[in-house]
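Presented below is the structure to which this report refers.
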Amino acid sequence: MRKFLTAFLLVAIVLMGANAAFAAKVKWRMVTHAMPGTEQQRIAEEFGKTVETLSGGEFVIEVFPAGVLFPVFETFDNLRNGVVQASMVYGAYWPGKDPGFILTTRPGDPLGTYAEGAYMTEKLFPYFEKLYAKHGIKYLGHAMVSPLYEQLMSVVPIRNLEEIKGKKIRTSGFGARFYNALGATTVSLPSPEIYTALQTHNIDAAEWTFWDENMRMGFHEVVKYVIDPAFQNGTCEYFPLTVNPAAWDSLPQNYKDIVFAALDRARYLSAMVYVHEIKAREKWKELPNIEIITWSPEDQKKAREIGLKLVYDECMKTPEGKEYLEIYRSTLWELGYKDEAKFLGYEEKK
């Protein structure tokens, strides 16, 4: 009997330990603004898988694409309030929460490589860390820098700056200000409505995201023209990893380290998106129903300067914006974009 009781107690202790371990398993939910099946969503899902693998299955982050748990534009409040613990959602969606988020994108930005974009994003980390913290959200850094190949899709030809005047364009954030400054009118539409709006000519043109995802959305079926390059966003942070501070603070240090390791993995995969973009861009060029339009060098220069002037004016409105501007133009100078840095007011130090 004593042996039986001893064995029973040992089994009970083991089970209690197993139950305690199970109860201690960390489970998070993370949302993105990406559509299912896209390269962007795959990056977010790989981030979650990496966390689970490195933690031996003890830290699980379930990743949800756009709109599954709630509309994308409800993410900011739901993350702050702990409905979800993490997000990778474009910061350019949040100027309504704070005007400082308009500087997520930079119309007319001249950066030309992924490395430059990632470097600039790292330089701007303090700005965004303070901005999110002001609203009760912890910013951990970029998971993805947007590819450089911006495009503006249209159902009518827009061959120069003059022809863009009066056109109705779907865009958002700073992009809306940019196209307004070029003389267009702008509307904000969620992604599921863009296809029909183009198909019915309720809008003349639209920018959504990258060449690959735009093709996955089927936009090549309803547009006839693509302006390449376009200048509405610039190379910018596209997938900021933001977390609920209470959830983050409750993690043991080894789990926090795992998150940063998974974040680095996501950054590597985001660099590979450039390859997909090159291939997708070529697919667009090969489509018989699509005409690729490139503006003259003079019009491109004017468009970039209009965008950069908007960035400058926005930065000059607040002390925080001026800090951003100093980081931005100093980094442009450092990377060799001296004309653009001077245009933004950079003064060479002697």
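By order in the structure tokens, chains are A, B, ...; within a chain, residues start at 1; ligands start at 1, following the order shown.
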
Exercise. Stretch 5-230 of chain A: which residues are strand (DSSP E) by DSSP, as a ChimeraX atom specification?
Worked result: /A:26-32,59-64,86-88,138-142,152-154,168-170,185-187,205-206,225-227

For this session: Write out as a PyMOL selection string each polymer residue whose atoms come within 12 Å of A:Arg216, counting only C-alpha atoms; drop sequence neighbours fewer than 2 positions from it.
Result: chain A and resi 34-40+191+195+208-214+218-221+280+283-284

Residues from the last selection, N, CA and C atoms, saved as an mmCIF file, in the first residue's frame:
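result.cif written:
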data_model
loop_
_atom_site.group_PDB
_atom_site.id
_atom_site.type_symbol
_atom_site.label_atom_id
_atom_site.label_comp_id
_atom_site.auth_asym_id
_atom_site.auth_seq_id
_atom_site.Cartn_x
_atom_site.Cartn_y
_atom_site.Cartn_z
ATOM 1 N N ALA A 34 -1.966 42.978 -43.573
ATOM 2 C CA ALA A 34 -1.721 42.290 -44.838
ATOM 3 C C ALA A 34 -2.851 41.324 -45.174
ATOM 4 N N MET A 35 -3.032 41.101 -46.464
ATOM 5 C CA MET A 35 -4.037 40.157 -46.929
ATOM 6 C C MET A 35 -3.493 38.730 -46.853
ATOM 7 N N PRO A 36 -4.369 37.733 -46.655
ATOM 8 C CA PRO A 36 -3.918 36.340 -46.599
ATOM 9 C C PRO A 36 -3.196 35.933 -47.884
ATOM 10 N N GLY A 37 -2.146 35.154 -47.747
ATOM 11 C CA GLY A 37 -1.439 34.619 -48.905
ATOM 12 C C GLY A 37 -0.387 35.527 -49.498
ATOM 13 N N THR A 38 -0.252 36.752 -48.989
ATOM 14 C CA THR A 38 0.742 37.672 -49.527
ATOM 15 C C THR A 38 2.099 37.439 -48.874
ATOM 16 N N GLU A 39 3.146 37.949 -49.512
ATOM 17 C CA GLU A 39 4.480 37.829 -48.947
ATOM 18 C C GLU A 39 4.558 38.528 -47.588
ATOM 19 N N GLN A 40 3.854 39.645 -47.458
ATOM 20 C CA GLN A 40 3.876 40.365 -46.195
ATOM 21 C C GLN A 40 3.288 39.529 -45.061
ATOM 22 N N SER A 191 -9.003 48.180 -48.843
ATOM 23 C CA SER A 191 -8.555 47.360 -49.973
ATOM 24 C C SER A 191 -9.666 46.600 -50.695
ATOM 25 N N TYR A 195 -10.820 47.461 -56.093
ATOM 26 C CA TYR A 195 -11.025 46.780 -57.373
ATOM 27 C C TYR A 195 -12.291 47.293 -58.061
ATOM 28 N N TRP A 208 -1.978 51.107 -53.761
ATOM 29 C CA TRP A 208 -2.335 50.243 -52.633
ATOM 30 C C TRP A 208 -1.069 49.814 -51.922
ATOM 31 N N THR A 209 -0.330 48.904 -52.520
ATOM 32 C CA THR A 209 0.899 48.467 -51.852
ATOM 33 C C THR A 209 1.925 48.116 -52.921
ATOM 34 N N PHE A 210 2.425 46.866 -52.956
ATOM 35 C CA PHE A 210 3.538 46.523 -53.822
ATOM 36 C C PHE A 210 3.051 45.863 -55.113
ATOM 37 N N TRP A 211 3.962 45.758 -56.064
ATOM 38 C CA TRP A 211 3.636 45.152 -57.356
ATOM 39 C C TRP A 211 3.076 43.740 -57.178
ATOM 40 N N ASP A 212 3.717 42.952 -56.320
ATOM 41 C CA ASP A 212 3.287 41.571 -56.124
ATOM 42 C C ASP A 212 1.885 41.510 -55.523
ATOM 43 N N GLU A 213 1.667 42.246 -54.444
ATOM 44 C CA GLU A 213 0.364 42.197 -53.791
ATOM 45 C C GLU A 213 -0.716 42.835 -54.660
ATOM 46 N N ASN A 214 -0.369 43.886 -55.390
ATOM 47 C CA ASN A 214 -1.350 44.508 -56.279
ATOM 48 C C ASN A 214 -1.832 43.527 -57.350
ATOM 49 N N GLY A 218 -5.603 41.442 -57.989
ATOM 50 C CA GLY A 218 -6.291 41.444 -59.282
ATOM 51 C C GLY A 218 -6.418 42.804 -59.933
ATOM 52 N N PHE A 219 -5.681 43.797 -59.452
ATOM 53 C CA PHE A 219 -5.828 45.136 -60.004
ATOM 54 C C PHE A 219 -5.390 45.219 -61.467
ATOM 55 N N HIS A 220 -4.497 44.310 -61.879
ATOM 56 C CA HIS A 220 -4.051 44.296 -63.270
ATOM 57 C C HIS A 220 -5.187 43.942 -64.227
ATOM 58 N N GLU A 221 -6.276 43.423 -63.705
ATOM 59 C CA GLU A 221 -7.422 43.068 -64.544
ATOM 60 C C GLU A 221 -8.288 44.279 -64.884
ATOM 61 N N ALA A 280 7.670 40.461 -59.863
ATOM 62 C CA ALA A 280 6.293 40.915 -60.074
ATOM 63 C C ALA A 280 6.252 42.119 -61.000
ATOM 64 N N LYS A 283 6.422 40.929 -64.450
ATOM 65 C CA LYS A 283 5.151 40.347 -64.872
ATOM 66 C C LYS A 283 4.177 41.421 -65.328
ATOM 67 N N TRP A 284 4.127 42.518 -64.585
ATOM 68 C CA TRP A 284 3.261 43.635 -64.973
ATOM 69 C C TRP A 284 3.676 44.171 -66.349
#

For this session: Write out as number ranges by chain the residues lying within 9 Å of stretch 121-133 of chain A, counting only C-alpha atoms and excluding same-chain residues fewer than 3 positions away.
Result: A: 98, 100-101, 104, 116-118, 136-142, 145, 236-237, 242, 245, 320-321, 323-324, 327-328, 331

For this session: Would you list, as a PyMOL selection string, the residues of stretch 227-348 of chain A that end up in helix (DSSP H, G or I) under DSSP run on this structure's backbone?
Result: chain A and resi 245-249+253-286+297-315+319-334+338-343

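Taking only C-alpha atoms, the non-local environment of stretch 167-174 of chain A within 7 Å (same-chain residues fewer than 5 positions away omitted) comprises Ala92, Tyr93, Ile102, Thr105, Ala184, Thr185, Thr186, Val187, Ser188, Leu189, Ile203, Asp204, Ala205, Ala206 and Glu207 of chain A.
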
Residues as selected, all heavy atoms, written as a CSV table (one decimal), in the first residue's frame, can you do that?
chain,number,residue,atom,x,y,z
A,92,ALA,N,1.4,54.5,-40.9
A,92,ALA,CA,0.8,55.6,-41.7
A,92,ALA,C,-0.7,55.6,-41.5
A,92,ALA,O,-1.4,56.6,-42.0
A,92,ALA,CB,1.2,55.5,-43.2
A,93,TYR,N,-1.3,54.6,-40.9
A,93,TYR,CA,-2.8,54.5,-40.7
A,93,TYR,C,-3.2,55.4,-39.5
A,93,TYR,O,-4.4,55.6,-39.3
A,93,TYR,CB,-3.2,53.1,-40.4
A,93,TYR,CG,-3.2,52.2,-41.6
A,93,TYR,CD1,-3.1,50.8,-41.4
A,93,TYR,CD2,-3.1,52.7,-42.9
A,93,TYR,CE1,-3.1,49.9,-42.5
A,93,TYR,CE2,-3.0,51.8,-44.0
A,93,TYR,CZ,-3.0,50.4,-43.8
A,93,TYR,OH,-2.9,49.6,-44.9
A,102,ILE,N,2.0,60.8,-39.5
A,102,ILE,CA,2.0,61.1,-40.9
A,102,ILE,C,3.5,61.0,-41.4
A,102,ILE,O,3.7,60.7,-42.6
A,102,ILE,CB,1.5,62.6,-41.1
A,102,ILE,CG1,1.1,62.8,-42.6
A,102,ILE,CG2,2.6,63.6,-40.8
A,102,ILE,CD1,-0.2,62.2,-43.0
A,105,THR,N,5.6,57.9,-43.6
A,105,THR,CA,6.0,57.9,-45.1
A,105,THR,C,6.6,59.3,-45.4
A,105,THR,O,6.3,60.3,-44.8
A,105,THR,CB,4.7,57.6,-46.0
A,105,THR,OG1,3.7,58.6,-45.7
A,105,THR,CG2,4.2,56.3,-45.7
A,184,ALA,N,-4.5,66.7,-57.8
A,184,ALA,CA,-5.5,65.6,-57.9
A,184,ALA,C,-6.5,65.8,-56.7
A,184,ALA,O,-6.2,66.4,-55.7
A,184,ALA,CB,-4.9,64.3,-57.9
A,185,THR,N,-7.6,65.1,-56.8
A,185,THR,CA,-8.5,64.9,-55.6
A,185,THR,C,-8.3,63.5,-55.1
A,185,THR,O,-7.9,62.6,-55.9
A,185,THR,CB,-10.0,65.1,-56.0
A,185,THR,OG1,-10.3,64.1,-57.0
A,185,THR,CG2,-10.2,66.5,-56.5
A,186,THR,N,-8.4,63.3,-53.8
A,186,THR,CA,-8.1,62.0,-53.3
A,186,THR,C,-9.3,61.4,-52.4
A,186,THR,O,-10.1,62.2,-51.9
A,186,THR,CB,-6.9,62.0,-52.4
A,186,THR,OG1,-7.1,63.0,-51.4
A,186,THR,CG2,-5.6,62.4,-53.2
A,187,VAL,N,-9.3,60.1,-52.4
A,187,VAL,CA,-10.3,59.4,-51.5
A,187,VAL,C,-9.6,58.3,-50.8
A,187,VAL,O,-8.6,57.7,-51.3
A,187,VAL,CB,-11.5,58.8,-52.3
A,187,VAL,CG1,-12.3,59.9,-53.0
A,187,VAL,CG2,-11.0,57.8,-53.4
A,188,SER,N,-10.1,57.9,-49.6
A,188,SER,CA,-9.6,56.8,-48.9
A,188,SER,C,-10.6,55.6,-49.0
A,188,SER,O,-11.7,55.8,-48.6
A,188,SER,CB,-9.4,57.2,-47.4
A,188,SER,OG,-8.9,56.1,-46.7
A,189,LEU,N,-10.1,54.5,-49.5
A,189,LEU,CA,-10.9,53.3,-49.6
A,189,LEU,C,-10.2,52.1,-49.0
A,189,LEU,O,-9.0,52.0,-49.2
A,189,LEU,CB,-11.2,53.0,-51.1
A,189,LEU,CG,-12.1,54.0,-51.9
A,189,LEU,CD1,-12.1,53.5,-53.3
A,189,LEU,CD2,-13.5,54.0,-51.3
A,203,ILE,N,-13.1,55.9,-59.5
A,203,ILE,CA,-11.8,56.6,-59.3
A,203,ILE,C,-11.0,56.4,-60.5
A,203,ILE,O,-11.2,55.5,-61.3
A,203,ILE,CB,-11.0,56.0,-58.1
A,203,ILE,CG1,-10.8,54.5,-58.2
A,203,ILE,CG2,-11.7,56.3,-56.8
A,203,ILE,CD1,-9.9,53.9,-57.1
A,204,ASP,N,-10.1,57.3,-60.7
A,204,ASP,CA,-9.2,57.3,-61.9
A,204,ASP,C,-7.9,56.5,-61.7
A,204,ASP,O,-7.4,55.9,-62.7
A,204,ASP,CB,-8.8,58.7,-62.4
A,204,ASP,CG,-10.0,59.5,-62.7
A,204,ASP,OD1,-10.8,59.1,-63.7
A,204,ASP,OD2,-10.2,60.6,-62.1
A,205,ALA,N,-7.5,56.5,-60.5
A,205,ALA,CA,-6.2,55.8,-60.2
A,205,ALA,C,-6.2,55.4,-58.7
A,205,ALA,O,-7.0,55.9,-57.9
A,205,ALA,CB,-5.0,56.7,-60.5
A,206,ALA,N,-5.2,54.5,-58.4
A,206,ALA,CA,-5.1,54.0,-57.0
A,206,ALA,C,-3.7,53.6,-56.7
A,206,ALA,O,-3.0,53.1,-57.6
A,206,ALA,CB,-6.1,52.9,-56.7
A,207,GLU,N,-3.2,53.8,-55.5
A,207,GLU,CA,-2.0,53.2,-55.0
A,207,GLU,C,-2.5,52.3,-53.8
A,207,GLU,O,-3.3,52.8,-53.0
A,207,GLU,CB,-1.0,54.2,-54.6
A,207,GLU,CG,-1.4,55.2,-53.5
A,207,GLU,CD,-1.0,54.8,-52.1
A,207,GLU,OE1,-0.4,53.7,-52.0
A,207,GLU,OE2,-1.4,55.5,-51.2

Seminar exercise, completed: From atom CA of A:Leu182 to atom CA of A:Lys302 the spacing works out at 9.6 Å

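In this structure, atom CA of A:Asn254 sits 22.6 Å away from atom CA of A:Leu79.
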
Counting only C-alpha atoms, which residues in stretch 34-95 of chain A sit no more than 9 Å from stretch 266-269 of chain A? For each one, give the nearest pair of atoms and the distance in Å, sorted by chain then residue number, as a tab-separated table.
residue	atom	partner	partner_atom	distance
A:Ile43	CA	A:Ala266	CA	5.8
A:Ala44	CA	A:Ala266	CA	7.2
A:Glu46	CA	A:Ala266	CA	7.1
A:Phe47	CA	A:Ala266	CA	5.8

Grab the residues selected above and save them as an mmCIF file, in the first residue's frame with N, CA, C and O atoms.
data_model
loop_
_atom_site.group_PDB
_atom_site.id
_atom_site.type_symbol
_atom_site.label_atom_id
_atom_site.label_comp_id
_atom_site.auth_asym_id
_atom_site.auth_seq_id
_atom_site.Cartn_x
_atom_site.Cartn_y
_atom_site.Cartn_z
ATOM 1 N N ILE A 43 5.623 36.784 -43.965
ATOM 2 C CA ILE A 43 6.685 37.255 -43.076
ATOM 3 C C ILE A 43 6.196 37.294 -41.637
ATOM 4 O O ILE A 43 6.886 36.857 -40.700
ATOM 5 N N ALA A 44 4.986 37.819 -41.436
ATOM 6 C CA ALA A 44 4.423 37.890 -40.081
ATOM 7 C C ALA A 44 4.217 36.493 -39.507
ATOM 8 O O ALA A 44 4.500 36.244 -38.320
ATOM 9 N N GLU A 46 5.864 33.776 -40.318
ATOM 10 C CA GLU A 46 7.178 33.205 -40.032
ATOM 11 C C GLU A 46 7.739 33.758 -38.725
ATOM 12 O O GLU A 46 8.422 33.051 -37.981
ATOM 13 N N PHE A 47 7.448 35.023 -38.459
ATOM 14 C CA PHE A 47 7.839 35.609 -37.176
ATOM 15 C C PHE A 47 7.231 34.807 -36.028
ATOM 16 O O PHE A 47 7.918 34.438 -35.070
#

Problem set entry | Residue among A:Ser87, A:Leu332, A:Tyr255, A:Ile158 lying closest to A:Lys25, counting only C-alpha atoms |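 For A:Lys25, the nearest of the given residues is A:Tyr255.
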